[in-house]
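J.: The structure that follows is given in the form of structure tokens.
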Amino acid sequence: MSTFPFTAVVGADDMSLALVLTSVAPEIGGVLVRGEKGTAKSTLVRALAAVLPEQDVIAGCRFGCDPGAPDPECPDTGRHEQGVVRRRPHLVELPVGAGEDRVTGSLDLSAALSEGHAAFEPGLLAAANRGILYVDEVNLLPDHLVDVLLDAAAMGRNTVERDGVSVSHAARMELIGTMNPEEGELRPQLLDRFGLTVEVAASRDPQERAEVVRRRLAFDNDPGSFTTRYADAQADLSARLAAARKRLPEVELSDRAMAAIARVCAGFDVDGMRADIVTARAALAHAAWRGGDQVLREDIRAAAMFALPHRRRRNPFDAPGMDEDLLDQLLDESELPEDPPDPDDGPDDDPSGGKSTESPQSPGDSSSSTGTAPTSQDAPPASDTADSAEDAADAADPPSAGIAPVGVAGAETPYRARAFEVRGVGEGSLGRRSKARTDAGRTIAHSVYDGGSVHLPATIRTAALRGARSGESRPQLRIVRDDLRRQVREGRESNLVLFVVDASGSMAARKRMTEVKTAVLSLLLDAYQRRDQVGLISFRGRTAELTLPPTSSVDTAAARLAELPHGGRTPLAEGLELTAHTLRLARLRDPRRRPLVVLVTDGRATATSDALDRANVIADHWAETGWETLVLDCESGRMRLGLAARLAARMHARHVPMGDVAAQTLVDHVAESTSRLSRSA
């Protein structure tokens with residue numbers, strides 16, 4: 001199967017350069033590519049393997065050892081006398097759903113059953129040694145698996161200590177991860193472990209977009225002919241990579257350049273020292289790539305553009321970004337020597353050798369978000385006689401207005417939510433909140449083997465008991481397939497918290513939406529930390545809207561929450577109907593994830609003349625669904641109708657007056673109700 005040529009990719013200069021730098025110096029720690037779908041992320045990564053310089057490999061070594069410097073701890077040392085082969089570095093892709101055993105390696109069951117001894121079966125890290133390990137949708141991997149990959153990439157070794165196997169082997173690889181930020185972010189501590197990051201986006205230039213389509217169609221029609229057209233450019237790029245690798249040890253990083261790197265990293269207020277180290281390594285690689293013998297200003301600038309944006313992200317509501325003016329100012333203060341432009345001396349920084357129709361995009365030039373929603377518009381003043389004002393605002397929804405916004409409230413600074421846990425042991429998706437039987441965690445029992453990690457002591461005991469029952473005087477221990485036992489592990493699961501928010505005109509009084517948005521924003525932060533999913537439904541005017549489908553992307557959630565308007569009548573029945581529909585779909589997608597509905601309302605229903613009756617009918621049958629529900633009562637003032645309390649009683653839900661729920665108290669109620677969900681499950 002032909003691979004699209006690396007040098008034929010159009011409009012991906014930043015990504016191409018980042019991949020080249022980590023290919024020149026794999027110790028940089030890999031590249032994380034962030035971008036929207038359809039931006040050639042996977043195409044460019046797969047094309048990279050075809051231009052990497054060939055390497056000598058010991059024939060028969062499953063770990064790809066270098067014959068000039070073999071790994072002294074290689075488990076295949078006995079096979080190192082079988083000769084040498086020359087090949088391109090391997091591109092190893094992490095399959096969707098791969099477990100830790102597949103990644104790191106595990107007990108070789110065939111050897112254990114046939115030969116009676118514990119042998120090591122190499123995993124993907126062994127196959128990727130001295131090559132590329134490509135992880136698509138890295139943000140969707142479980143955190144513990146991402147930790148394993150990043151540890152191996154940073155240390156250059158993989159160590160396995162389990163199932164009676166104790167192995168350490170080289171895992172020096174180029175780790176490349178791609179992700180779509182709309183599907184959820186990586187945690188800041190995991191982002192920091194990637195050496196470089198780059199933002200990619202589709203070009204908005206019609207000519208460049210047309211050229212992308214033209215080349216793709218040409219490749220699909222005749223891959224062989226298209227690849228031949230770029231054979232010389234591919235060979236030149238491969239030779240340039242080999243020369244850069246050879247030149248790298250000779251590049252000088254002067255004290256002045258090192259001080260400039262330190263000034264830049266300190267100026268951007270990044271945490272720790274990893275940013276300084278990665279920037280220095282990337283600057284050296286960039287100098288070697290351009291053919292220089294010392295690190296200059298342009299090398300540090302290019303390295304900083306890739307090494308610093310993701311390290312400035314302090315919390316999940318911050319978007320990665322880079323202030324280029326500040327970067328230039330810090331570099332100017334360092335008074336580094338400039339590289340004189342000479343078009344005849346050395347190639348430019350475009351690894352593809354082609355010309356882009358527009359200047360390369362700077363990675364992460366978006367501004368950083370503070371996590372605080374926009375300032376609210378004028379809201380009705382608070383007063384003890386606000387019920388009549390609420391009715392007036394609730395009625396301010398003429399038939400032609402639809403759900404036109406009356407106001408947009410802002411959220412205050414989110415607080416740190418208290419940890420809460422669902423009692424009992426569930427079977428939900430891997431997370432960090434409630435106890436569950438998962439593929440990660442401590443071993444609590446064993447069962448008949450059906451895949452996963454082998455419980456070696458239990459397997460041996462089963463085989464020994466079977467041998468004892470055979471009647472032999474001195475039975476030998478022989479393990480057969482039926483003796484195998486699997487580890488049963490207890491870890492943590494995540495939950496789905498679905499907020500159903502009344503956004504009608506009556507919510508404008510006393511800044512109720514500000515209080516609600518602040519609480520939801522805080523729980524989004526907690527959900528991000530614990531890998532929960534959060535959804536948001538709003539109802540106002542004549543309809544209800546799924547403002548945010550269940551997601552783990554707190555960036556998207558915070559943006560949707562900030563834009564949530566309020567005003568108009570109250571379609572309570574429509575809100576409940578959409579909630580039920582959303583949870584039924586969520587159950588189909590993930591039947592093991594348990595939901596908690598947080599209904600934020602004052603109990604009013606004014607969309608139509610029979611709105612309250614329709615809402616009551618739905619509420620009377622709500623308990624049949626089994627969904628744990630919390631009703632937060634937003635009614636206030638001295639004259640209260642108690643509609644939310646009656647609604648909660650009909651739904652068999654817990655009623656909590658909003659006046660009694662401070663920001664921290666809201667989290668306590670969610671925690672308590674989640675525990676009730678566990679006990680009733």
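Each chain in the structure tokens gets a letter, A, B, ..., in the order shown, and its residues are numbered from 1; ligands are numbered from 1 in order too.
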Excluding Glu182 in chain A and any residue of its chain fewer than 3 positions from it, enumerate the residues within 8 Å of it, using only C-alpha atoms, and give them as a list in words.

T.: Glu36, Glu185, Ser553, Asp555 and Thr556 of chain A

J.: Can I get the selected residues back with C-alpha atoms, as a compact mmCIF listing (two decimals), in the first residue's frame?

T.:
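out_15.txt, written as the output of this step:
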# COMPACT_ATOMS: atom_id res chain seq x y z
CA GLU A 36 -9.48 19.91 13.89
CA GLU A 185 -8.08 17.86 26.53
CA SER A 553 -14.02 18.55 26.88
CA ASP A 555 -12.89 23.88 27.09
CA THR A 556 -15.99 23.39 24.94

J.: Hey, what's within 9 Å of Phe63 in chain A if we count only C-alpha atoms and toss same-chain stuff fewer than 6 positions away? As a PyMOL selection string, please?

T.: chain A and resi 74-76+122+125-130+169-171

J.: Using DSSP on the backbone, list every residue of range 17-266 of chain A that comes out as strand (DSSP E or B), and give them as an MDAnalysis selection string.

T.: chainID A and resid 31:35 55:58 84:87 91:93 105:107 120:122 132:136 157:162 165:170 174:179 196:200 252

J.: Would you pick out the contacts of Pro26 in chain A at 9 Å or less, using only C-alpha atoms, so that residues sharing its chain but fewer than 2 positions from it are not included, and give the list as a list of chain:residue names?

T.: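 Counting only C-alpha atoms, the residues come to A:Leu21, A:Thr22, A:Ser23, A:Val24, A:Ile28, A:Gly29, A:Gly30, A:Arg130, A:Ala153, A:Arg172, A:Met173, A:Glu174, A:Leu175.
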
J.: Can you tell me how far CA of Arg229 in chain A sits from CA of Leu44 in chain A, in Å to one decimal?

T.: 17.5 Å

J.: If you run DSSP on the backbone here, which positions in range 50-226 of chain A get alpha helix (DSSP H)? Please write them as a PyMOL selection string.

T.: chain A and resi 100-104+109-114+124-127+143-155+188-191+206-221+223-226

J.: In Å, rounded to a single decimal, give me how far CA of Gln529 in chain A is from CA of Ala307 in chain A.

T.: 23.8 Å

J.: Excluding range 258-262 of chain A and its own-chain neighbours fewer than 6 positions away, which residues fall within 8 Å of it when counting only C-alpha atoms? Please give them as a PyMOL selection string.

T.: chain A and resi 276+279-280+300+330-331+334+336

J.: What's around Leu196 in chain A at 10 Å? Count only C-alpha atoms, leave out sequence neighbours fewer than 6 positions away in its own chain, and write the answer as a list in words.

T.: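 Counting only the stated atoms, we get Ala18, Leu19, Leu21, Thr22, Ile28, Gly29, Gly30, Val31, Leu32, Val33, Ile176, Ala275, Val278, Thr279, Ala282, Ala303, Ala304, Met305, Phe306, Ala307, Leu308, Pro309, His310 and Arg311 of chain A.
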
J.: Can you measure CA of Asp483 in chain A to CA of Val425 in chain A for me? One decimal in Å is fine.

T.: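 Between CA of Asp483 in chain A and CA of Val425 in chain A the gap works out to 27.3 Å.
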
J.: Go through A:Gly431, A:Thr514, A:Ala605, A:Ala50 one by one, measure the shortest atom-to-atom distance of each to Ala235 in chain A using only C-alpha atoms, and give the residue with the smallest value.

T.: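 When distances to Ala235 in chain A are compared using only C-alpha atoms, the smallest one comes from A:Ala50.
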
J.: Residues within 9 Å of Arg87 in chain A, please, as a PDB file with N, CA, C and O atoms, in the first residue's frame. Count only C-alpha atoms; anything in the same chain fewer than 6 positions from it doesn't count.

T.:
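Output (selection-v1.pdb):
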ATOM      1  N   PRO A  53      16.027   8.233   7.628  1.00  0.00           N
ATOM      2  CA  PRO A  53      17.186   7.509   7.099  1.00  0.00           C
ATOM      3  C   PRO A  53      17.150   6.037   7.499  1.00  0.00           C
ATOM      4  O   PRO A  53      16.674   5.677   8.587  1.00  0.00           O
ATOM      5  N   GLU A  54      17.654   5.186   6.615  1.00  0.00           N
ATOM      6  CA  GLU A  54      17.724   3.764   6.928  1.00  0.00           C
ATOM      7  C   GLU A  54      18.703   3.518   8.073  1.00  0.00           C
ATOM      8  O   GLU A  54      19.611   4.319   8.324  1.00  0.00           O
ATOM      9  N   GLN A  55      18.525   2.396   8.763  1.00  0.00           N
ATOM     10  CA  GLN A  55      19.359   2.066   9.912  1.00  0.00           C
ATOM     11  C   GLN A  55      19.719   0.581   9.899  1.00  0.00           C
ATOM     12  O   GLN A  55      18.994  -0.250   9.333  1.00  0.00           O
ATOM     13  N   ASP A  56      20.840   0.262  10.511  1.00  0.00           N
ATOM     14  CA  ASP A  56      21.263  -1.135  10.665  1.00  0.00           C
ATOM     15  C   ASP A  56      20.592  -1.719  11.894  1.00  0.00           C
ATOM     16  O   ASP A  56      20.536  -1.081  12.957  1.00  0.00           O
ATOM     17  N   VAL A  57      20.099  -2.942  11.763  1.00  0.00           N
ATOM     18  CA  VAL A  57      19.400  -3.634  12.849  1.00  0.00           C
ATOM     19  C   VAL A  57      19.923  -5.064  12.923  1.00  0.00           C
ATOM     20  O   VAL A  57      20.181  -5.701  11.891  1.00  0.00           O
TER      21      VAL A  57
END

J.: Which neighbours of Thr159 in chain A fall inside 8 Å, counting only C-alpha atoms, when residues of the same chain fewer than 4 positions from it are skipped, and could you give them as a list in words?

T.: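 Once the nearby chain positions are removed, what remains is Thr104, Ser166, Val167, Ser168 and His169 of chain A.
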
J.: Which is closer to Cys265 in chain A than all the others in A:Ala69, A:Met322, A:Ala242, A:Gly410, using only C-alpha atoms?

T.: A:Met322
